[in-house]
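Enquirer: Got a structure for you, written out below as C-alpha cells; questions coming shortly.
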Amino acid sequence: MIIKSSLKEYEVSFSTHFSFVQQIESTENRFVIIDAKVNKLYGKYFNQIMAGPGMVFHSIERNKTVRKALEVAEAIMALPSKRNTTLISIGGGIVQDVTGFAASILYRGIKWIFVPTTLLAQTDSCIGSKTSLNHSGNKNLLGTFFPPNKIFIDVGFVSTLSKKDFLNGAGEIAKIAITRGEHGIGEIEQDLSLLLKKDAGKVLEWVQKSLEVKKKYVEEDEFDVGKRKLLNFGHTFGHALEKSSRYAVPHGQAVSIGMLIANNISEARGKISPEMNRRLQKIILPLITTKIRSDYFTDGYYDAIKKDKKRQGDSLPAILLCSDTNGYHLAEIHDLLETEIKCAVKTTVTLLREYPLRRQT
Ligand SMILES: NC(=O)c1ccc[n+]([C@@H]2O[C@H](COP(=O)([O-])OP(=O)(O)OC[C@H]3O[C@@H](n4cnc5c(N)ncnc54)[C@H](O)[C@@H]3O)[C@@H](O)[C@H]2O)c1
Ligand SMILES: [Zn+2]
C-alpha cells in the first residue's frame with residue numbers, strides 16, 4: 001500500500017513470520033529504538049540489529065515528552081553517521097510519536113522506518129504523518145507532520161498484546177468502521193466476536209481495511225484542516241478522560257468511551273435513533289475493560305475539553321454521528337453546550353457501571 005503525502009510517498013508493507021527483519025538488517029547507519037516489552041518478547045528476532053546503536057524505550061504516556069524526543073535526537077547526533085542515520089522505531093503508538101517527532105526535528109528531518117507492534121499502531125496511527133507529544137499535563141499538545149519512509153506491518157505481534165492493549169486497537173477499528181456509516185457499522189457488528197478472539201485472518205483483514213479507509217482521509221486532508229477531523233470522532237471526550245484519569249484510562253479505551261458520550265449527545269439531539277445508539281453501544285461496550293471512577297468526570301474533565309486544541313473561540317466543537325436522507329455520517333458541530341456533555345457523561349457512566357451486570361444475565 002502506497003500512501004501519498006505532500007512530504008514524501010511512503011509504502012506500507014505487510015510481512016509474515018517477521019520476514020521484515022532482514023530488510024532492517026540491510027539498512028545502513030541505523031539507530032534502533034525498541035519498546036521494552038517488544039524487546040523482551042521478540043528479542044531473538046532482533047539480536048543482530050540490537051547489537052548496533054540503539055535504545056530500549058519504556059512506553060508510558062509520561063515518557064511521551066519533548067525531553068525523551070531530545071534524548072533520541074542527541075543519541076543520533078553523537079553518531080558518526082549524523083544526518084545520514086536511519087532511525088528504526090519498533091513499538092506501539094508511544095514509540096511512534098516520540099521517535100517520529102525526534103526524526104522530524106533532527107537536522108530538519110532524517111529518514112525513519114516504523115514497525116508498529118500494537119493493534120492500535122498497525123490499524124490507525126502508523127499512517128497519517130502525525131507525531132504528537134504530551135506537554136504540561138495536556139495530551140498531544142506538541143507535534144509535527146512527518147511520515148516515516150517505510151512501514152512494516154506484521155500482525156504476528158498482536159498475539160502477545162494484553163487484553164487491554166488489544167482492545168485499545170479494537171476501539172480505533174470501531175471508530176474507523178463507524179466513519180463508513182451503516183455499511184461499516186454492519187460489518188464490525190458481524191466480525192466483532194471473531195476479532196475479539198484475535199483470529200489472525202480477521203485481524204489482518206481489519207488492519208488492511210482500516211488503513212484503506214484512513215488512507216483516503218489523510219491523502220485528501222493530510223494536515224487535518226477539513227475532512228480528516230472526522231477521524232477525531234470520540235477523541236475530544238477521550239483525550240480529556242486520559243488527562244483527568246492521569247492516563248489510567250489508555251488512549252483506545254478512552255476513545256471508545258468518548259464515542260459512547262458522543263453518541264448519547266447525538267441521541268439527545270435527535271441526530272440518531274435510540275435503536276442505532278443501542279446497536280453502537282453493543283459494539284463499543286465490550287471494548288472497555290478499564291474501571292471508570294466518577295472522580296474522572298469532575299471539573300478537571302470539562303476544563304480539559306475546553307482546553308482541547310481543537311477548540312475554536314468560545315464554542316465547543318465535537319464530531320457527532322448524524323443521520324439524514326443519505327444515511328449515517330459523521331459531522332462536525334460547533335455549538336456544543338457543557339450541560340449537554342454533562343448529561344451525556346452521566347448516561348455513559350451509568351451504562352458502563354451496568355454493563356458487566358448485563359453481560360452476566
Ligand atoms: N500519531 C498518531 O497519529 C496517533 C494516532 C493514534 C494514537 N496515537 C497515540 O498512540 C498512543 C497509544 O498507542 P498504543 O496503544 O500502541 O500504546 P503503547 O505504545 O503504549 O503500547 C501499549 C502497550 O503495549 C506494549 N506492547 C507493544 N507492542 C507489544 C506487543 N507486540 N506485545 C505485547 N506488548 C506490546 C507496550 O510496551 C505498552 O505497554 C497514545 O499516546 C496515542 O495518543 C498516535
Ligand atoms: Zn486515536
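How things are named: the first chain in the C-alpha cells is A, the next is B, and so on; residues count from 1 in each chain; ligands count from 1 in the order shown.
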At a cut-off of 7 Å and counting only C-alpha atoms and all ligand atoms, what residues surround ligand 1? Please answer as a PyMOL selection string.
Expert: chain A and resi 35-38+58-61+91-97+117-121+124-132+140+157-162+165+168-169+251-252
Enquirer: If we count only C-alpha atoms, what is near range 199-214 of chain A at a cut-off of 7 Å, once residues fewer than 5 positions away on the same chain are taken out, given as a PyMOL selection string?
Expert: chain A and resi 122-124+155+173+176+194
Enquirer: Nearest residue to Ala304 in chain A out of A:Leu142, A:Leu316, A:Val72, A:Ala51, using only C-alpha atoms?
Expert: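 Comparing A:Leu142, A:Leu316, A:Val72, A:Ala51 against Ala304 in chain A, the winner is A:Leu316.
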Enquirer: Using only C-alpha atoms and all ligand atoms, find the one residue out of A:Met77, A:Leu196, A:Leu230, A:Val345 that sits nearest to ligand 2.
Expert: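 Counting only C-alpha atoms and all ligand atoms, the residue closest to ligand 2 is A:Leu230.
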Enquirer: Write out as a VMD selection string which residues come within 12 Å of Ala248 in chain A when counting only C-alpha atoms, dropping same-chain ones fewer than 5 positions away.
Expert: chain A and resid 60 to 62 164 239 to 243 253 to 254 289 to 293 296
Enquirer: Just the selected residues (all heavy atoms), exported as a short mmCIF file (atom, residue, chain, number, x, y, z; two decimals), in the first residue's frame, please.
Expert:
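Written out: out26.cif:
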data_model
loop_
_atom_site.label_atom_id
_atom_site.label_comp_id
_atom_site.auth_asym_id
_atom_site.auth_seq_id
_atom_site.Cartn_x
_atom_site.Cartn_y
_atom_site.Cartn_z
N ILE A 60 5.23 4.53 28.21
CA ILE A 60 4.17 5.03 29.08
C ILE A 60 3.91 6.48 28.66
O ILE A 60 4.82 7.15 28.16
CB ILE A 60 4.53 4.94 30.59
CG1 ILE A 60 5.90 5.59 30.87
CG2 ILE A 60 4.50 3.52 31.10
CD1 ILE A 60 6.22 5.75 32.34
N GLU A 61 2.67 6.93 28.86
CA GLU A 61 2.32 8.29 28.43
C GLU A 61 3.25 9.34 29.03
O GLU A 61 3.55 10.35 28.41
CB GLU A 61 0.85 8.61 28.76
CG GLU A 61 -0.18 7.90 27.90
CD GLU A 61 -0.27 8.43 26.46
OE1 GLU A 61 0.13 9.56 26.20
OE2 GLU A 61 -0.74 7.65 25.60
N ARG A 62 3.72 9.08 30.26
CA ARG A 62 4.60 10.06 30.90
C ARG A 62 5.95 10.20 30.19
O ARG A 62 6.69 11.14 30.43
CB ARG A 62 4.83 9.67 32.37
CG ARG A 62 3.76 10.18 33.25
CD ARG A 62 3.87 9.72 34.69
NE ARG A 62 2.55 9.42 35.22
CZ ARG A 62 1.61 10.32 35.43
NH1 ARG A 62 1.85 11.58 35.21
NH2 ARG A 62 0.42 9.97 35.88
N LYS A 164 -6.15 -5.51 27.44
CA LYS A 164 -6.34 -4.06 27.49
C LYS A 164 -5.77 -3.41 26.22
O LYS A 164 -6.42 -2.58 25.59
CB LYS A 164 -5.62 -3.50 28.73
CG LYS A 164 -5.66 -2.01 28.86
CD LYS A 164 -4.76 -1.51 29.97
CE LYS A 164 -3.36 -1.27 29.43
NZ LYS A 164 -2.41 -0.70 30.36
N HIS A 239 -9.56 12.26 24.94
CA HIS A 239 -8.31 12.90 25.41
C HIS A 239 -8.50 13.49 26.81
O HIS A 239 -7.62 13.41 27.66
CB HIS A 239 -7.86 14.00 24.45
CG HIS A 239 -7.21 13.48 23.20
ND1 HIS A 239 -7.06 14.24 22.07
CD2 HIS A 239 -6.67 12.28 22.91
CE1 HIS A 239 -6.46 13.52 21.12
NE2 HIS A 239 -6.21 12.33 21.61
N ALA A 240 -9.67 14.13 27.03
CA ALA A 240 -9.94 14.74 28.34
C ALA A 240 -9.97 13.66 29.43
O ALA A 240 -9.50 13.88 30.55
CB ALA A 240 -11.26 15.50 28.29
N LEU A 241 -10.49 12.49 29.08
CA LEU A 241 -10.55 11.40 30.06
C LEU A 241 -9.15 10.83 30.34
O LEU A 241 -8.82 10.49 31.48
CB LEU A 241 -11.48 10.30 29.53
CG LEU A 241 -11.70 9.08 30.41
CD1 LEU A 241 -12.22 9.48 31.80
CD2 LEU A 241 -12.70 8.12 29.75
N GLU A 242 -8.32 10.75 29.29
CA GLU A 242 -6.94 10.32 29.51
C GLU A 242 -6.29 11.26 30.53
O GLU A 242 -5.62 10.83 31.46
CB GLU A 242 -6.14 10.35 28.21
CG GLU A 242 -6.43 9.20 27.26
CD GLU A 242 -5.55 9.28 26.03
OE1 GLU A 242 -4.38 8.89 26.09
OE2 GLU A 242 -6.04 9.75 24.98
N LYS A 243 -6.51 12.57 30.32
CA LYS A 243 -5.89 13.55 31.20
C LYS A 243 -6.47 13.47 32.61
O LYS A 243 -5.74 13.41 33.60
CB LYS A 243 -6.08 14.96 30.63
CG LYS A 243 -5.34 15.99 31.44
CD LYS A 243 -5.57 17.41 31.02
CE LYS A 243 -4.85 18.31 32.03
NZ LYS A 243 -5.24 19.69 31.89
N GLN A 253 -9.19 2.92 24.74
CA GLN A 253 -10.41 2.74 25.55
C GLN A 253 -11.04 4.09 25.88
O GLN A 253 -12.26 4.21 25.98
CB GLN A 253 -10.07 1.95 26.82
CG GLN A 253 -9.61 0.53 26.46
CD GLN A 253 -9.76 -0.47 27.60
OE1 GLN A 253 -10.60 -0.34 28.47
NE2 GLN A 253 -8.93 -1.49 27.57
N ALA A 254 -10.21 5.12 26.04
CA ALA A 254 -10.74 6.46 26.27
C ALA A 254 -11.53 6.93 25.03
O ALA A 254 -12.58 7.56 25.14
CB ALA A 254 -9.61 7.44 26.58
N THR A 289 -12.53 -2.25 29.23
CA THR A 289 -12.33 -3.08 30.43
C THR A 289 -11.85 -2.23 31.61
O THR A 289 -11.87 -2.68 32.75
CB THR A 289 -11.26 -4.17 30.18
OG1 THR A 289 -10.15 -3.55 29.55
CG2 THR A 289 -11.79 -5.28 29.31
N THR A 290 -11.38 -1.01 31.32
CA THR A 290 -10.84 -0.16 32.39
C THR A 290 -11.96 0.30 33.31
O THR A 290 -13.02 0.72 32.82
CB THR A 290 -10.15 1.08 31.77
OG1 THR A 290 -9.30 0.63 30.73
CG2 THR A 290 -9.34 1.83 32.81
N LYS A 291 -11.73 0.20 34.61
CA LYS A 291 -12.73 0.67 35.58
C LYS A 291 -12.82 2.20 35.53
O LYS A 291 -11.79 2.88 35.53
CB LYS A 291 -12.29 0.25 36.99
CG LYS A 291 -13.22 -0.78 37.59
CD LYS A 291 -13.08 -0.83 39.10
CE LYS A 291 -14.39 -1.23 39.72
NZ LYS A 291 -14.74 -2.61 39.59
N ILE A 292 -14.04 2.71 35.46
CA ILE A 292 -14.21 4.16 35.36
C ILE A 292 -14.67 4.70 36.71
O ILE A 292 -15.73 4.32 37.20
CB ILE A 292 -15.23 4.51 34.25
CG1 ILE A 292 -14.74 3.95 32.90
CG2 ILE A 292 -15.45 6.01 34.15
CD1 ILE A 292 -13.36 4.42 32.46
N ARG A 293 -13.85 5.57 37.29
CA ARG A 293 -14.21 6.17 38.59
C ARG A 293 -14.94 7.49 38.35
O ARG A 293 -14.62 8.21 37.40
CB ARG A 293 -12.93 6.42 39.41
CG ARG A 293 -12.22 5.12 39.74
CD ARG A 293 -11.04 5.28 40.67
NE ARG A 293 -10.62 6.63 40.96
CZ ARG A 293 -9.36 6.97 41.23
NH1 ARG A 293 -8.40 6.06 41.18
NH2 ARG A 293 -9.05 8.21 41.53
N TYR A 296 -13.16 10.82 37.73
CA TYR A 296 -12.55 11.17 36.43
C TYR A 296 -13.37 12.26 35.74
O TYR A 296 -12.92 12.88 34.78
CB TYR A 296 -12.50 9.96 35.49
CG TYR A 296 -11.59 8.83 35.93
CD1 TYR A 296 -11.73 7.55 35.38
CD2 TYR A 296 -10.58 9.02 36.87
CE1 TYR A 296 -10.91 6.50 35.75
CE2 TYR A 296 -9.76 7.97 37.26
CZ TYR A 296 -9.93 6.72 36.69
OH TYR A 296 -9.12 5.68 37.06
#
Enquirer: I want to know what sits within 10 Å of range 324-333 of chain A, based on only C-alpha atoms, with residues of the same chain fewer than 4 positions away left out; could you give that as a list in words?
Expert: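 Residues near the query, excluding close chain neighbours: Ile178, Thr179, Arg180, Gly181, Glu182, His183, Ile185, Gly226, Lys227, Lys229, Leu230, Leu231, Asn232, Phe233, Lys271, Ile272, Met276, Ser315, Leu316, Pro317, Ala318, Ile319 and Leu320 of chain A.
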Enquirer: Export, as a PDB file, in the first residue's frame, the selected residues with N, CA, C and O atoms.
Expert:
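To be explicit, this is the file written out as result-v1.pdb:
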ATOM      1  N   ILE A 178     -17.193   3.060  12.001  1.00  0.00           N
ATOM      2  CA  ILE A 178     -18.361   3.955  12.157  1.00  0.00           C
ATOM      3  C   ILE A 178     -18.292   5.132  11.175  1.00  0.00           C
ATOM      4  O   ILE A 178     -19.325   5.592  10.682  1.00  0.00           O
ATOM      5  N   THR A 179     -17.074   5.563  10.830  1.00  0.00           N
ATOM      6  CA  THR A 179     -16.972   6.670   9.856  1.00  0.00           C
ATOM      7  C   THR A 179     -17.581   6.258   8.505  1.00  0.00           C
ATOM      8  O   THR A 179     -17.925   7.124   7.704  1.00  0.00           O
ATOM      9  N   ARG A 180     -17.681   4.926   8.267  1.00  0.00           N
ATOM     10  CA  ARG A 180     -18.233   4.466   6.981  1.00  0.00           C
ATOM     11  C   ARG A 180     -19.756   4.349   7.016  1.00  0.00           C
ATOM     12  O   ARG A 180     -20.367   3.855   6.066  1.00  0.00           O
ATOM     13  N   GLY A 181     -20.370   4.763   8.135  1.00  0.00           N
ATOM     14  CA  GLY A 181     -21.830   4.765   8.215  1.00  0.00           C
ATOM     15  C   GLY A 181     -22.403   3.365   8.360  1.00  0.00           C
ATOM     16  O   GLY A 181     -21.726   2.440   8.815  1.00  0.00           O
ATOM     17  N   GLU A 182     -23.641   3.209   7.943  1.00  0.00           N
ATOM     18  CA  GLU A 182     -24.403   1.964   8.127  1.00  0.00           C
ATOM     19  C   GLU A 182     -23.616   0.725   7.669  1.00  0.00           C
ATOM     20  O   GLU A 182     -23.590  -0.299   8.344  1.00  0.00           O
ATOM     21  N   HIS A 183     -22.920   0.841   6.535  1.00  0.00           N
ATOM     22  CA  HIS A 183     -22.200  -0.299   5.979  1.00  0.00           C
ATOM     23  C   HIS A 183     -21.078  -0.755   6.924  1.00  0.00           C
ATOM     24  O   HIS A 183     -20.954  -1.932   7.253  1.00  0.00           O
ATOM     25  N   ILE A 185     -20.757  -0.022  10.094  1.00  0.00           N
ATOM     26  CA  ILE A 185     -21.322  -0.441  11.385  1.00  0.00           C
ATOM     27  C   ILE A 185     -21.785  -1.901  11.275  1.00  0.00           C
ATOM     28  O   ILE A 185     -21.498  -2.727  12.150  1.00  0.00           O
ATOM     29  N   GLY A 226      -9.719  19.818   7.401  1.00  0.00           N
ATOM     30  CA  GLY A 226     -11.064  19.623   6.856  1.00  0.00           C
ATOM     31  C   GLY A 226     -11.611  18.256   7.215  1.00  0.00           C
ATOM     32  O   GLY A 226     -11.790  17.918   8.385  1.00  0.00           O
ATOM     33  N   LYS A 227     -11.784  17.433   6.162  1.00  0.00           N
ATOM     34  CA  LYS A 227     -12.449  16.137   6.290  1.00  0.00           C
ATOM     35  C   LYS A 227     -11.792  15.202   7.324  1.00  0.00           C
ATOM     36  O   LYS A 227     -12.455  14.434   8.010  1.00  0.00           O
ATOM     37  N   LYS A 229     -10.671  15.746  10.126  1.00  0.00           N
ATOM     38  CA  LYS A 229     -11.105  15.988  11.512  1.00  0.00           C
ATOM     39  C   LYS A 229     -12.149  14.967  11.953  1.00  0.00           C
ATOM     40  O   LYS A 229     -12.301  14.707  13.135  1.00  0.00           O
ATOM     41  N   LEU A 230     -12.891  14.416  10.975  1.00  0.00           N
ATOM     42  CA  LEU A 230     -13.931  13.439  11.329  1.00  0.00           C
ATOM     43  C   LEU A 230     -13.330  12.196  12.000  1.00  0.00           C
ATOM     44  O   LEU A 230     -13.985  11.523  12.776  1.00  0.00           O
ATOM     45  N   LEU A 231     -12.055  11.909  11.682  1.00  0.00           N
ATOM     46  CA  LEU A 231     -11.390  10.756  12.312  1.00  0.00           C
ATOM     47  C   LEU A 231     -11.108  11.019  13.792  1.00  0.00           C
ATOM     48  O   LEU A 231     -10.662  10.127  14.501  1.00  0.00           O
ATOM     49  N   ASN A 232     -11.347  12.250  14.231  1.00  0.00           N
ATOM     50  CA  ASN A 232     -11.199  12.554  15.663  1.00  0.00           C
ATOM     51  C   ASN A 232     -12.467  12.198  16.441  1.00  0.00           C
ATOM     52  O   ASN A 232     -12.599  12.575  17.608  1.00  0.00           O
ATOM     53  N   PHE A 233     -13.384  11.489  15.809  1.00  0.00           N
ATOM     54  CA  PHE A 233     -14.608  11.035  16.483  1.00  0.00           C
ATOM     55  C   PHE A 233     -14.237  10.364  17.823  1.00  0.00           C
ATOM     56  O   PHE A 233     -13.374   9.484  17.852  1.00  0.00           O
ATOM     57  N   LYS A 271     -30.257  13.260  16.531  1.00  0.00           N
ATOM     58  CA  LYS A 271     -29.481  13.052  15.294  1.00  0.00           C
ATOM     59  C   LYS A 271     -29.339  11.572  14.958  1.00  0.00           C
ATOM     60  O   LYS A 271     -29.067  11.219  13.808  1.00  0.00           O
ATOM     61  N   ILE A 272     -29.444  10.708  15.978  1.00  0.00           N
ATOM     62  CA  ILE A 272     -29.517   9.260  15.701  1.00  0.00           C
ATOM     63  C   ILE A 272     -30.660   8.693  16.549  1.00  0.00           C
ATOM     64  O   ILE A 272     -31.004   9.255  17.594  1.00  0.00           O
ATOM     65  N   MET A 276     -30.342   2.932  17.010  1.00  0.00           N
ATOM     66  CA  MET A 276     -28.967   2.963  16.493  1.00  0.00           C
ATOM     67  C   MET A 276     -27.978   3.141  17.651  1.00  0.00           C
ATOM     68  O   MET A 276     -26.921   2.502  17.672  1.00  0.00           O
ATOM     69  N   SER A 315     -16.772  28.529  21.369  1.00  0.00           N
ATOM     70  CA  SER A 315     -17.672  27.403  21.097  1.00  0.00           C
ATOM     71  C   SER A 315     -16.951  26.078  21.313  1.00  0.00           C
ATOM     72  O   SER A 315     -15.740  25.981  21.182  1.00  0.00           O
ATOM     73  N   LEU A 316     -17.750  25.077  21.683  1.00  0.00           N
ATOM     74  CA  LEU A 316     -17.159  23.750  21.876  1.00  0.00           C
ATOM     75  C   LEU A 316     -17.488  22.888  20.665  1.00  0.00           C
ATOM     76  O   LEU A 316     -18.656  22.622  20.388  1.00  0.00           O
ATOM     77  N   PRO A 317     -16.465  22.481  19.927  1.00  0.00           N
ATOM     78  CA  PRO A 317     -16.739  21.646  18.763  1.00  0.00           C
ATOM     79  C   PRO A 317     -16.771  20.164  19.137  1.00  0.00           C
ATOM     80  O   PRO A 317     -16.236  19.771  20.168  1.00  0.00           O
ATOM     81  N   ALA A 318     -17.414  19.383  18.322  1.00  0.00           N
ATOM     82  CA  ALA A 318     -17.398  17.927  18.517  1.00  0.00           C
ATOM     83  C   ALA A 318     -17.747  17.255  17.207  1.00  0.00           C
ATOM     84  O   ALA A 318     -18.381  17.860  16.336  1.00  0.00           O
ATOM     85  N   ILE A 319     -17.298  16.032  17.075  1.00  0.00           N
ATOM     86  CA  ILE A 319     -17.667  15.230  15.909  1.00  0.00           C
ATOM     87  C   ILE A 319     -18.793  14.292  16.363  1.00  0.00           C
ATOM     88  O   ILE A 319     -18.622  13.544  17.325  1.00  0.00           O
ATOM     89  N   LEU A 320     -19.922  14.374  15.685  1.00  0.00           N
ATOM     90  CA  LEU A 320     -21.075  13.552  16.073  1.00  0.00           C
ATOM     91  C   LEU A 320     -21.558  12.706  14.906  1.00  0.00           C
ATOM     92  O   LEU A 320     -21.444  13.114  13.745  1.00  0.00           O
TER      93      LEU A 320
END
